[in-house]
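J.: Next comes input_20.csv, CSV, C-alpha atoms:
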chain,number,residue,atom,x,y,z
A,568,MET,CA,108.8,279.7,19.7
A,569,LYS,CA,107.9,283.1,18.5
A,570,ASN,CA,109.3,285.1,21.3
A,571,LYS,CA,112.3,286.9,20.0
A,572,LYS,CA,112.0,290.5,18.6
A,573,GLU,CA,114.1,291.4,15.6
A,574,ASN,CA,113.7,294.4,13.3
A,575,ILE,CA,115.5,293.3,10.1
A,576,LEU,CA,116.5,295.3,7.0
A,577,VAL,CA,116.5,292.9,4.0
A,578,ILE,CA,118.5,294.1,1.0
A,579,THR,CA,118.3,292.6,-2.5
A,580,TYR,CA,119.3,293.8,-5.9
A,581,TRP,CA,116.2,292.6,-7.8
A,582,GLY,CA,112.8,294.1,-8.7
A,583,TYR,CA,109.8,293.1,-6.5
A,584,ASN,CA,108.1,291.2,-9.4
A,585,ASP,CA,111.3,289.4,-10.3
A,586,ALA,CA,111.1,285.6,-9.8
A,587,LEU,CA,114.2,285.9,-7.6
A,588,ILE,CA,112.1,287.9,-5.1
A,589,GLN,CA,108.9,285.9,-5.5
A,590,THR,CA,110.6,282.4,-5.3
A,591,TYR,CA,114.1,283.1,-3.8
A,592,THR,CA,113.4,285.7,-1.2
A,593,LEU,CA,109.8,286.1,0.0
A,594,PRO,CA,109.3,282.5,1.0
A,595,TYR,CA,112.3,282.7,3.2
A,596,LEU,CA,111.2,286.0,4.8
A,597,ASN,CA,107.9,284.4,5.6
A,598,ILE,CA,109.8,281.6,7.4
A,599,ILE,CA,111.9,284.1,9.3
A,600,SER,CA,108.8,286.1,10.2
A,601,ASP,CA,107.1,283.0,11.6
A,602,LEU,CA,110.1,282.4,13.9
A,603,LEU,CA,110.0,285.9,15.4
A,604,SER,CA,107.7,287.7,17.8
A,605,ALA,CA,104.5,289.3,16.4
A,606,ASP,CA,105.9,292.8,16.9
A,607,SER,CA,109.0,292.2,14.8
A,608,LYS,CA,109.4,294.0,11.5
A,609,LEU,CA,111.0,293.1,8.2
A,610,PHE,CA,111.8,295.8,5.6
A,611,LEU,CA,112.4,294.4,2.1
A,612,VAL,CA,114.5,296.6,-0.2
A,613,THR,CA,113.9,296.0,-3.9
A,614,LEU,CA,115.0,297.7,-7.1
A,615,ASP,CA,112.2,298.5,-9.5
A,616,LYS,CA,111.9,300.2,-12.9
A,617,ASP,CA,108.2,300.7,-12.2
A,618,ALA,CA,106.6,301.1,-8.9
A,619,PRO,CA,105.6,297.7,-7.6
A,620,LYS,CA,102.5,296.8,-5.6
A,621,LEU,CA,103.7,297.2,-2.1
A,622,HIS,CA,104.1,294.0,-0.1
A,623,ARG,CA,102.5,294.0,3.3
A,624,GLN,CA,102.3,290.4,4.3
A,625,SER,CA,102.1,290.2,8.1
A,626,ASN,CA,105.0,292.3,9.3
A,627,ILE,CA,107.0,292.5,6.0
A,628,GLN,CA,107.1,295.9,4.3
A,629,ASN,CA,108.5,296.6,0.8
A,630,ILE,CA,110.8,299.6,0.2
A,631,SER,CA,111.1,300.2,-3.5
A,632,ILE,CA,114.1,302.0,-5.0
A,633,ASN,CA,114.3,303.2,-8.6
A,634,TYR,CA,116.5,300.9,-10.7
A,635,LYS,CA,119.9,301.6,-12.2
A,636,ASP,CA,122.2,299.1,-13.9
A,637,PHE,CA,125.2,298.0,-11.9
A,638,GLY,CA,128.1,300.4,-12.5
A,639,PHE,CA,129.0,304.0,-11.7
A,640,ARG,CA,125.3,305.1,-12.0
A,641,ALA,CA,124.3,302.5,-9.6
A,642,ILE,CA,127.1,303.5,-7.2
A,643,PHE,CA,126.0,307.1,-7.2
A,644,MET,CA,122.4,306.0,-6.8
A,645,TRP,CA,123.2,303.9,-3.7
A,646,LEU,CA,125.3,306.7,-2.2
A,647,LYS,CA,122.1,308.8,-2.3
A,648,ILE,CA,120.1,305.9,-0.9
A,649,ILE,CA,122.6,305.0,1.9
A,650,PHE,CA,121.6,308.0,4.0
A,651,LYS,CA,117.9,307.1,3.6
A,652,LEU,CA,118.5,303.5,4.7
A,653,TYR,CA,120.8,304.6,7.5
A,654,ARG,CA,118.0,306.8,8.9
A,655,LEU,CA,115.6,303.9,8.6
A,656,ILE,CA,118.0,301.7,10.6
A,657,LYS,CA,118.0,304.3,13.4
A,658,LYS,CA,114.3,305.2,13.2
A,659,GLU,CA,113.0,301.6,13.2
A,660,ASN,CA,115.7,300.3,15.6
A,661,ILE,CA,117.0,297.8,13.0
A,662,THR,CA,118.9,295.0,14.8
A,663,THR,CA,120.0,293.0,11.8
A,664,ILE,CA,120.9,293.7,8.1
A,665,HIS,CA,120.1,290.5,6.1
A,666,THR,CA,121.3,290.6,2.5
A,667,TRP,CA,120.8,288.4,-0.5
A,668,CYS,CA,123.7,287.6,-2.8
A,669,THR,CA,126.7,289.8,-3.6
A,670,PRO,CA,125.3,293.1,-4.9
A,671,GLY,CA,122.8,293.4,-2.0
A,672,GLY,CA,125.6,292.2,0.4
A,673,ALA,CA,127.8,295.1,-0.7
A,674,ILE,CA,125.2,297.6,0.3
A,675,GLY,CA,124.5,295.7,3.5
A,676,TYR,CA,128.3,295.8,4.3
A,677,LEU,CA,128.4,299.6,4.0
A,678,LEU,CA,125.4,300.0,6.2
A,679,SER,CA,126.7,297.5,8.7
A,680,VAL,CA,130.0,299.5,9.0
A,681,LEU,CA,128.1,302.8,9.3
A,682,SER,CA,125.5,301.5,11.8
A,683,GLY,CA,127.4,298.8,13.7
A,684,ARG,CA,124.4,296.4,13.1
A,685,ARG,CA,124.8,292.7,12.7
A,686,LEU,CA,125.3,291.6,9.1
A,687,ILE,CA,124.0,288.3,7.6
A,688,ILE,CA,124.7,287.2,4.0
A,689,ASP,CA,122.2,284.9,2.5
A,690,SER,CA,122.6,282.7,-0.6
A,691,PHE,CA,126.3,283.6,-0.8
A,692,GLU,CA,127.9,282.5,-4.0
A,693,PRO,CA,130.6,283.8,-6.3
A,694,HIS,CA,129.7,286.6,-8.8
A,695,ALA,CA,133.0,288.2,-9.8
A,696,GLU,CA,134.8,285.0,-10.8
A,697,PRO,CA,131.8,283.7,-12.9
A,698,MET,CA,131.8,287.0,-14.9
A,699,VAL,CA,135.4,286.4,-15.8
A,700,GLU,CA,135.0,282.7,-16.5
A,701,SER,CA,132.0,283.4,-18.8
A,702,GLY,CA,134.0,285.9,-20.8
A,703,THR,CA,131.8,288.8,-19.7
A,704,TRP,CA,134.5,290.7,-17.9
A,705,GLY,CA,138.3,290.7,-18.0
A,706,LYS,CA,140.4,289.6,-15.0
A,707,ASN,CA,141.9,293.0,-14.8
A,708,SER,CA,138.7,295.0,-15.5
A,709,LEU,CA,137.5,297.6,-13.0
A,710,GLN,CA,134.2,295.8,-12.7
A,711,PHE,CA,135.8,292.6,-11.6
A,712,LYS,CA,138.1,294.3,-9.1
A,713,ILE,CA,135.2,296.2,-7.5
A,714,LEU,CA,132.9,293.3,-7.2
A,715,TYR,CA,135.6,290.9,-6.0
A,716,THR,CA,136.7,293.4,-3.3
A,717,LEU,CA,133.1,293.9,-2.2
A,718,GLU,CA,132.6,290.1,-1.9
A,719,LYS,CA,135.7,289.8,0.2
A,720,LEU,CA,134.7,292.7,2.5
A,721,GLN,CA,131.2,291.6,3.1
A,722,LEU,CA,132.3,288.0,3.8
A,723,LYS,CA,134.8,289.3,6.4
A,724,LYS,CA,132.3,291.5,8.0
A,725,ALA,CA,129.3,289.1,8.2
A,726,GLU,CA,128.6,287.3,11.5
A,727,GLU,CA,126.7,284.5,9.7
A,728,VAL,CA,127.1,283.4,6.1
A,729,ILE,CA,124.5,281.2,4.4
A,730,CYS,CA,126.0,279.5,1.4
A,731,ALA,CA,124.1,278.3,-1.7
A,732,CYS,CA,126.2,275.2,-1.8
A,733,SER,CA,128.3,273.3,0.8
A,734,GLU,CA,131.4,273.5,-1.5
A,735,MET,CA,131.2,277.3,-1.2
A,736,ILE,CA,132.8,277.0,2.3
A,737,PRO,CA,136.2,275.7,1.1
A,738,TYR,CA,135.9,277.9,-2.0
A,739,SER,CA,135.7,281.0,0.2
A,740,LYS,CA,138.9,280.0,2.1
A,741,LYS,CA,140.7,279.4,-1.2
A,742,ILE,CA,139.5,282.4,-3.2
A,743,TYR,CA,139.1,285.1,-0.4
A,744,GLY,CA,141.5,283.6,2.2
A,745,ILE,CA,138.7,283.9,4.8
A,746,SER,CA,137.3,281.2,7.2
A,747,LYS,CA,134.2,281.8,9.2
A,748,LYS,CA,132.9,280.0,12.3
A,749,ARG,CA,129.2,280.6,11.4
A,750,TYR,CA,128.8,279.1,8.0
A,751,PHE,CA,125.5,277.5,6.9
A,752,THR,CA,124.3,275.8,3.7
A,753,LYS,CA,120.9,276.4,2.2
A,754,PRO,CA,120.2,275.4,-1.4
A,755,ALA,CA,117.5,277.1,-3.5
A,756,CYS,CA,114.4,275.5,-2.0
A,757,VAL,CA,111.1,275.0,-3.8
A,758,ASP,CA,107.4,275.4,-2.9
A,759,LEU,CA,106.4,271.7,-3.1
A,760,GLU,CA,102.8,272.6,-2.9
A,761,LEU,CA,102.9,275.1,-5.8
A,762,PHE,CA,105.1,272.7,-7.9
A,763,SER,CA,103.1,269.6,-7.4
A,764,LEU,CA,102.4,266.5,-9.4
A,765,GLU,CA,98.8,267.6,-9.7
A,766,LYS,CA,100.0,270.3,-12.1
A,767,ILE,CA,101.3,267.9,-14.8
A,768,LYS,CA,99.8,267.4,-18.2
A,769,ASN,CA,96.9,269.9,-18.0
A,770,ALA,CA,94.5,268.5,-20.6
A,771,GLU,CA,93.2,271.9,-21.8
A,772,LEU,CA,96.7,273.3,-22.4
A,773,ILE,CA,97.9,270.1,-24.0
A,774,GLU,CA,95.1,270.5,-26.5
A,775,LYS,CA,95.6,274.2,-26.9
A,776,TYR,CA,99.3,273.9,-27.8
A,777,ASN,CA,98.9,270.6,-29.7
A,778,LEU,CA,101.2,268.6,-27.4
A,779,LYS,CA,99.3,265.3,-27.4
A,780,ASP,CA,101.7,262.5,-28.3
A,781,LYS,CA,104.6,265.0,-28.4
A,782,ILE,CA,107.9,264.7,-26.5
A,783,THR,CA,108.3,268.2,-24.9
A,784,CYS,CA,111.4,269.7,-23.4
A,785,VAL,CA,110.9,272.8,-21.2
A,786,TYR,CA,113.3,275.5,-20.4
A,787,ALA,CA,112.3,278.3,-18.0
A,788,GLY,CA,114.9,281.1,-18.0
A,789,LYS,CA,117.2,283.2,-20.2
A,790,PHE,CA,120.0,282.8,-22.6
A,791,GLY,CA,123.4,284.5,-22.4
A,792,GLY,CA,125.5,285.6,-19.4
A,793,LEU,CA,125.9,282.5,-17.3
A,794,TYR,CA,123.6,280.5,-19.6
A,795,LEU,CA,124.4,278.8,-22.9
A,796,GLU,CA,123.0,280.3,-26.1
A,797,LYS,CA,123.9,278.6,-29.4
A,798,GLU,CA,124.7,275.3,-27.6
A,799,THR,CA,121.3,275.1,-26.1
A,800,PHE,CA,119.6,275.4,-29.5
A,801,GLU,CA,122.1,272.9,-30.9
A,802,PHE,CA,120.8,270.4,-28.3
A,803,PHE,CA,117.2,271.3,-29.4
A,804,LYS,CA,118.2,270.6,-33.0
A,805,ALA,CA,119.7,267.2,-32.1
A,806,ALA,CA,116.4,266.3,-30.3
A,807,ALA,CA,114.4,267.4,-33.3
A,808,GLU,CA,116.5,265.3,-35.6
A,809,TYR,CA,116.0,262.3,-33.3
A,810,TRP,CA,112.3,262.6,-32.5
A,811,GLY,CA,111.3,264.4,-35.7
A,812,ASN,CA,107.9,266.2,-35.7
A,813,SER,CA,107.1,264.6,-32.3
A,814,PHE,CA,109.5,266.9,-30.6
A,815,ARG,CA,108.6,270.3,-29.1
A,816,VAL,CA,110.5,272.9,-27.1
A,817,LEU,CA,108.5,274.9,-24.6
A,818,LEU,CA,110.4,278.1,-23.7
A,819,LEU,CA,109.1,280.1,-20.7
A,820,THR,CA,111.2,283.2,-21.2
A,821,SER,CA,111.1,286.9,-21.6
A,822,HIS,CA,113.3,286.9,-24.7
A,823,SER,CA,111.5,288.3,-27.8
A,824,ASP,CA,110.2,286.2,-30.6
A,825,GLN,CA,112.9,287.7,-32.8
A,826,GLU,CA,115.7,286.7,-30.5
A,827,ILE,CA,114.4,283.1,-30.4
A,828,SER,CA,114.0,283.1,-34.1
A,829,ASP,CA,117.6,284.3,-34.5
A,830,TYR,CA,118.9,281.6,-32.2
A,831,SER,CA,117.0,278.9,-34.2
A,832,LYS,CA,118.2,280.2,-37.6
A,833,GLN,CA,121.8,280.2,-36.3
A,834,VAL,CA,121.7,276.4,-35.9
A,835,GLY,CA,119.2,275.5,-38.5
A,836,LEU,CA,116.4,274.5,-36.2
A,837,ASP,CA,112.9,274.5,-37.7
A,838,PRO,CA,110.8,277.1,-35.7
A,839,GLN,CA,107.8,274.7,-35.8
A,840,HIS,CA,109.5,272.8,-32.9
A,841,ILE,CA,109.4,275.9,-30.6
A,842,ILE,CA,106.6,277.3,-28.4
A,843,LYS,CA,107.6,280.5,-26.6
A,844,LEU,CA,105.5,281.8,-23.8
A,845,PHE,CA,105.9,284.3,-20.9
A,846,VAL,CA,103.5,283.5,-18.0
A,847,PRO,CA,103.1,284.9,-14.5
A,848,HIS,CA,105.1,283.0,-11.8
A,849,GLU,CA,102.0,281.4,-10.2
A,850,GLU,CA,101.1,279.8,-13.6
A,851,VAL,CA,104.7,278.5,-14.3
A,852,PRO,CA,104.1,275.1,-12.7
A,853,VAL,CA,101.2,274.1,-14.9
A,854,TYR,CA,103.1,275.1,-18.0
A,855,MET,CA,106.3,273.3,-16.8
A,856,GLY,CA,104.1,270.3,-16.2
A,857,LEU,CA,103.3,270.1,-19.8
A,858,ALA,CA,106.8,268.8,-20.5
A,859,ASP,CA,108.3,265.4,-20.5
A,860,PHE,CA,111.8,266.6,-19.5
A,861,ALA,CA,113.7,269.8,-18.9
A,862,ILE,CA,117.1,271.4,-19.5
A,863,CYS,CA,119.4,273.4,-17.3
A,864,PRO,CA,121.9,275.0,-19.8
A,865,MET,CA,124.3,276.7,-17.4
A,866,LYS,CA,127.7,277.4,-18.7
A,867,PRO,CA,130.0,274.6,-17.2
A,868,ILE,CA,132.4,277.1,-15.8
A,869,PRO,CA,134.3,276.2,-12.5
A,870,SER,CA,132.4,278.6,-10.2
A,871,ARG,CA,129.0,277.2,-11.1
A,872,ARG,CA,130.0,274.4,-8.8
A,873,TYR,CA,129.2,276.7,-5.9
A,874,SER,CA,125.7,277.9,-6.6
A,875,THR,CA,122.3,276.1,-6.9
A,876,PRO,CA,119.9,276.7,-9.8
A,877,ILE,CA,116.4,277.0,-8.4
A,878,LYS,CA,114.9,275.7,-11.7
A,879,ASN,CA,116.2,272.2,-11.1
A,880,GLY,CA,114.3,271.9,-7.9
A,881,GLU,CA,111.2,273.1,-9.7
A,882,TYR,CA,111.7,270.6,-12.5
A,883,TRP,CA,112.3,267.8,-10.0
A,884,ALA,CA,109.2,268.7,-8.0
A,885,LEU,CA,107.2,268.2,-11.1
A,886,GLY,CA,108.9,264.8,-11.7
A,887,LEU,CA,110.8,265.9,-14.8
A,888,PRO,CA,114.1,264.3,-15.9
A,889,VAL,CA,116.7,267.0,-16.4
A,890,VAL,CA,119.5,267.5,-19.0
A,891,ILE,CA,122.3,269.5,-17.3
A,892,THR,CA,125.9,270.5,-18.0
A,893,LYS,CA,128.6,269.0,-15.8
A,894,ASN,CA,129.8,270.3,-12.4
A,895,ILE,CA,126.7,272.5,-11.7
A,896,SER,CA,126.4,272.7,-7.9
A,897,ASP,CA,125.5,269.3,-6.4
A,898,ASP,CA,122.8,268.9,-9.1
A,899,SER,CA,124.9,267.3,-11.9
A,900,ASP,CA,126.1,264.6,-9.5
A,901,ILE,CA,122.6,264.0,-8.1
A,902,ILE,CA,121.2,263.6,-11.6
A,903,ALA,CA,123.9,261.2,-12.6
A,904,ASN,CA,123.8,259.1,-9.4
A,905,LYS,CA,120.0,259.0,-9.1
A,906,ASN,CA,119.6,258.3,-12.9
A,907,ILE,CA,117.1,261.0,-13.3
A,908,GLY,CA,118.4,262.8,-16.4
A,909,SER,CA,121.5,263.2,-18.4
A,910,VAL,CA,124.7,265.1,-17.7
A,911,LEU,CA,126.4,266.7,-20.8
A,912,GLN,CA,130.1,266.0,-20.5
A,913,ASP,CA,130.9,268.2,-23.5
A,914,LEU,CA,129.1,270.6,-25.7
A,915,THR,CA,129.3,268.6,-28.9
A,916,ALA,CA,126.8,267.1,-31.4
A,917,ASP,CA,127.8,263.6,-30.3
A,918,GLU,CA,127.2,264.4,-26.7
A,919,TYR,CA,123.8,266.0,-27.5
A,920,GLN,CA,122.8,262.8,-29.3
A,921,LYS,CA,123.9,260.6,-26.4
A,922,SER,CA,121.9,262.8,-24.0
A,923,VAL,CA,118.7,262.6,-26.2
A,924,ILE,CA,119.0,258.8,-26.4
A,925,LYS,CA,119.4,258.7,-22.6
A,926,ILE,CA,116.3,260.8,-22.1
A,927,ASP,CA,114.4,258.7,-24.6
A,928,ALA,CA,115.2,255.5,-22.6
A,929,LEU,CA,114.1,257.2,-19.4
A,930,LEU,CA,110.8,258.3,-20.9
A,931,LYS,CA,110.1,254.8,-22.3
A,932,VAL,CA,109.8,253.2,-18.8
A,933,SER,CA,106.6,251.2,-18.4
A,934,ASP,CA,105.5,253.0,-15.3
A,935,LYS,CA,105.8,256.7,-15.9
A,936,ASN,CA,104.2,257.5,-12.5
A,937,GLU,CA,107.0,255.6,-10.8
A,938,LEU,CA,109.6,257.7,-12.6
A,939,ARG,CA,107.9,261.0,-11.7
A,940,ASN,CA,107.5,259.9,-8.1
A,941,LYS,CA,111.2,258.9,-7.9
A,942,ILE,CA,112.2,262.4,-9.2
A,943,ARG,CA,109.7,264.1,-7.0
A,944,ALA,CA,111.3,262.4,-4.0
A,945,VAL,CA,114.7,264.0,-4.9
A,946,ALA,CA,113.1,267.4,-4.8
A,947,THR,CA,111.6,266.5,-1.4
A,948,GLU,CA,115.0,265.4,-0.1
A,949,TYR,CA,117.2,268.2,-1.5
A,950,ARG,CA,115.0,271.2,-2.0
A,951,ASN,CA,112.4,271.1,0.9
A,952,PHE,CA,111.9,274.4,2.7
A,953,GLN,CA,112.4,272.6,6.0
A,954,ILE,CA,116.1,272.8,5.1
A,955,ALA,CA,115.9,276.6,5.1
A,956,LYS,CA,113.8,276.6,8.3
A,957,ASP,CA,116.4,274.6,10.2
A,958,VAL,CA,119.1,277.2,9.1
A,959,TYR,CA,117.1,280.2,10.2
A,960,LEU,CA,116.3,278.5,13.5
A,961,GLU,CA,120.0,278.4,14.2
A,962,ILE,CA,120.4,282.1,13.3
A,963,TYR,CA,117.2,283.7,14.7
Can the structure from this file be put into structure tokens for me?
T.:
Amino acid sequence: MKNKKENILVITYWGYNDALIQTYTLPYLNIISDLLSADSKLFLVTLDKDAPKLHRQSNIQNISINYKDFGFRAIFMWLKIIFKLYRLIKKENITTIHTWCTPGGAIGYLLSVLSGRRLIIDSFEPHAEPMVESGTWGKNSLQFKILYTLEKLQLKKAEEVICACSEMIPYSKKIYGISKKRYFTKPACVDLELFSLEKIKNAELIEKYNLKDKITCVYAGKFGGLYLEKETFEFFKAAAEYWGNSFRVLLLTSHSDQEISDYSKQVGLDPQHIIKLFVPHEEVPVYMGLADFAICPMKPIPSRRYSTPIKNGEYWALGLPVVITKNISDDSDIIANKNIGSVLQDLTADEYQKSVIKIDALLKVSDKNELRNKIRAVATEYRNFQIAKDVYLEIY
């Protein structure tokens, strides 16, 4: 019932037009809004290099803040902003501070301490440890120490913690030494209407990009950081060697043409196999749907067991088999147990070839619609927004 009034300050560390706002935040805020009374208000804080188009959907209002990279400049920026947000908390009678992930949670923690308002951490997953495991930061670096401390402080302060993966709960006790009574689990859910089987194999785009009779692998995302670089292109090369001119890579990415060219040259991959595009989020499903399978090239570092890549849910919703590295959230196990893709046990030429052969066997099934429906059912079971709604019903 929509009978409870809550004024909520929602803090993120992303730009309004970022896919993490459009697919990983706003859909959940709409669910929360629907659970509350009509006079409730939600204030969404985003970081933007350019002023975004303000979001005023029902009772959700966007508050845009000029962007600075994480570091000392960002700390000084937020110190200036804290007073503004604190005044907003008082003026709008904010009852709850609801944060997304660690950077946003750190700001929420400070505001919660200052204002005494209830703190909720959403999509909680490790950020400090992965930066060390990926080689980006050193274990003794100032960046790591600051972020790790902020993770621990916000976890201790929060009344409710929504984890991105069930394994995050024992992980939190092990890494931070903290146990909570109000833990919830909510994976990265997917709009199953936007990512629907009706979006697959668009005839006009198939002809435009000459993909008829081609075997196409799609990757939507970036390279570097927590994502493999050279290794991903080594996999593409193995696929090109196996399927020959019939193989294509569809990259939906913001990387420049030069960057993609450099990656390809590094491994000796012929650029004719690659189609690189950058399309608006609402058009992503129809482009993903051009593919026959997808890849999730996250670095197989220990802490990736505790987060859920949203792209896998989108791939599954479109009925695509997925090539994934091992020990990524619950996804690697799901893919292996359901036989809906291939799990790379190592990052070697031999393992890439085995994976390509496994995908080839899956794609040769006589009833391709049966395969797509089977994979789609996995998205419905593990990535349905009803999972998120049930969590928010418990909290709000």
J.: Considering all atoms listed in the file, return as a list in words whatever protein or nucleic-acid residues lie within 8 Å of stretch 842-849 of chain A, sequence-local ones (same chain, fewer than 6 positions apart) excluded.
T.: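 Here the answer would be Ala586, Gln589, Leu761, Arg815, Val816, Leu817, Leu818, Leu819, Thr820, Ser821 and Asp824 of chain A.
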J.: Take the residues from that selection and put them in a file with C-alpha atoms, as an mmCIF file, in the coordinates of the input.
T.:
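Okay, again-v2.cif is ready:
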data_model
loop_
_atom_site.group_PDB
_atom_site.id
_atom_site.type_symbol
_atom_site.label_atom_id
_atom_site.label_comp_id
_atom_site.auth_asym_id
_atom_site.auth_seq_id
_atom_site.Cartn_x
_atom_site.Cartn_y
_atom_site.Cartn_z
ATOM 1 C CA ALA A 586 111.100 285.600 -9.800
ATOM 2 C CA GLN A 589 108.900 285.900 -5.500
ATOM 3 C CA LEU A 761 102.900 275.100 -5.800
ATOM 4 C CA ARG A 815 108.600 270.300 -29.100
ATOM 5 C CA VAL A 816 110.500 272.900 -27.100
ATOM 6 C CA LEU A 817 108.500 274.900 -24.600
ATOM 7 C CA LEU A 818 110.400 278.100 -23.700
ATOM 8 C CA LEU A 819 109.100 280.100 -20.700
ATOM 9 C CA THR A 820 111.200 283.200 -21.200
ATOM 10 C CA SER A 821 111.100 286.900 -21.600
ATOM 11 C CA ASP A 824 110.200 286.200 -30.600
#
J.: Just how far from atom CA of A:Leu614 is atom CA of A:Tyr580, in Å to one decimal?
T.: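 Between atom CA of A:Tyr580 and atom CA of A:Leu614 the gap is 5.9 Å.
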J.: Tell me, as number ranges by chain, which residues lie within 10 Å of A:Pro594, counting only C-alpha atoms; anything in the same chain fewer than 6 positions away does not count.
T.: A: 588, 600, 756-758, 952, 955
J.: Would you compute the distance between atom CA of A:Pro864 and atom CA of A:Lys925? Give it in Å to one decimal.
T.: 16.7 Å
J.: Write out as a list in words each polymer residue whose atoms come within 10 Å of A:Phe711, counting all atoms listed in the file; drop sequence neighbours fewer than 3 positions from it.
T.: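 Once the nearby chain positions are removed, what remains is His694, Ala695, Glu696, Pro697, Met698, Val699, Thr703, Trp704, Gly705, Lys706, Asn707, Ser708, Leu714, Tyr715, Thr716 and Leu717 of chain A.
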J.: Report the distance between atom CA of A:Val958 and atom CA of A:Pro852 in Å, rounded to one decimal place.
T.: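 Distance between the two atoms: 26.5 Å.
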J.: Find, counting all atoms listed in the file, the residue in A:Ser701, A:Thr892, A:Asn769, A:Ser763 that gets nearest to A:Arg939.
T.: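 Looking at the shortest contact to A:Arg939, the residue is A:Ser763.
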J.: Near A:Leu759, counting only C-alpha atoms, which residues have an atom at most 10 Å away, once you skip same-chain residues fewer than 2 positions from it, shown as a list of chain:residue names?
T.: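 Here the answer would be A:Cys756, A:Val757, A:Leu761, A:Phe762, A:Ser763, A:Leu764, A:Gly880, A:Glu881, A:Trp883, A:Ala884, A:Leu885, A:Arg943, A:Ala946, A:Thr947, A:Arg950, A:Asn951, A:Phe952.
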J.: At a cut-off of 12 Å, can you tabulate as a tab-separated table every residue of stretch 687-789 of chain A near stretch 898-921 of chain A together with its closest atom pair and the distance in Å to one decimal, using all atoms listed in the file and ordering rows by chain then number?
T.:
residue	atom	partner	partner_atom	distance
A:Cys732	CA	A:Asp898	CA	10.2
A:Pro754	CA	A:Asp898	CA	10.4
A:Ala755	CA	A:Asp898	CA	11.3
J.: Nearest to A:Leu678 among A:Thr783, A:Gln721, A:Ser604, A:Gln710, with distances taken over all atoms listed in the file: which residue is it?
T.: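 The shortest atom-to-atom distance to A:Leu678 comes from A:Gln721.
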J.: Near A:Ile868, within 9 Å and counting only C-alpha atoms, which residues show up once chain neighbours fewer than 3 positions away are dropped, as a list in words?
T.: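 The residues that qualify are Pro697, Glu700, Ser701, Leu793, Met865, Arg871, Arg872, Lys893, Asn894 and Ile895 of chain A.
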J.: Counting all atoms listed in the file, find residues at most 12 Å from (134.5, 278.2, 4.1) (file frame) and give them as a short mmCIF file (atom, residue, chain, number, x, y, z; two decimals) with C-alpha atoms, in the coordinates of the input.
T.:
data_model
loop_
_atom_site.label_atom_id
_atom_site.label_comp_id
_atom_site.auth_asym_id
_atom_site.auth_seq_id
_atom_site.Cartn_x
_atom_site.Cartn_y
_atom_site.Cartn_z
CA PHE A 691 126.30 283.60 -0.80
CA GLU A 692 127.90 282.50 -4.00
CA LEU A 722 132.30 288.00 3.80
CA LYS A 723 134.80 289.30 6.40
CA GLU A 727 126.70 284.50 9.70
CA VAL A 728 127.10 283.40 6.10
CA ILE A 729 124.50 281.20 4.40
CA CYS A 730 126.00 279.50 1.40
CA ALA A 731 124.10 278.30 -1.70
CA CYS A 732 126.20 275.20 -1.80
CA SER A 733 128.30 273.30 0.80
CA GLU A 734 131.40 273.50 -1.50
CA MET A 735 131.20 277.30 -1.20
CA ILE A 736 132.80 277.00 2.30
CA PRO A 737 136.20 275.70 1.10
CA TYR A 738 135.90 277.90 -2.00
CA SER A 739 135.70 281.00 0.20
CA LYS A 740 138.90 280.00 2.10
CA LYS A 741 140.70 279.40 -1.20
CA ILE A 742 139.50 282.40 -3.20
CA TYR A 743 139.10 285.10 -0.40
CA GLY A 744 141.50 283.60 2.20
CA ILE A 745 138.70 283.90 4.80
CA SER A 746 137.30 281.20 7.20
CA LYS A 747 134.20 281.80 9.20
CA LYS A 748 132.90 280.00 12.30
CA ARG A 749 129.20 280.60 11.40
CA TYR A 750 128.80 279.10 8.00
CA PHE A 751 125.50 277.50 6.90
CA THR A 752 124.30 275.80 3.70
CA TYR A 873 129.20 276.70 -5.90
#
J.: Which one is closest to A:Glu573: A:Asn597, A:Asn626, A:Ser870, A:Thr663? Count all atoms listed in the file.
T.: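 Smallest separation from A:Glu573 among the options: A:Thr663.
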J.: Would you mind telling me which residue in A:Met855, A:Ile767, A:Leu576, A:Ala725 lies nearest to A:Lys657 when using only C-alpha atoms?
T.: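 The answer is A:Leu576, which sits nearest to A:Lys657.
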J.: Which residue is closest to A:Ser874? Choose from A:Gly702, A:Val851, A:Val889, A:Cys668 and count only C-alpha atoms.
T.: A:Cys668
J.: Could you pull out every residue with an atom within 12 Å of (113.3, 276.6, -36.7), file coordinates, counting all atoms listed in the file, and send them as a list in words?
T.: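 Residues lying no farther than 12 Å from the given point: Phe800, Glu801, Phe803, Lys804, Ala807, Glu808, Asn812, Arg815, Val816, Asp824, Gln825, Ile827, Ser828, Asp829, Tyr830, Ser831, Lys832, Gln833, Val834, Gly835, Leu836, Asp837, Pro838, Gln839, His840, Ile841 and Ile842 of chain A.
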J.: Find, counting all atoms listed in the file, the residue in A:Asp601, A:Asp615, A:Glu826, A:Glu771 that gets nearest to A:Ile630.
T.: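 Residue with the minimum atom-to-atom distance to A:Ile630: A:Asp615.
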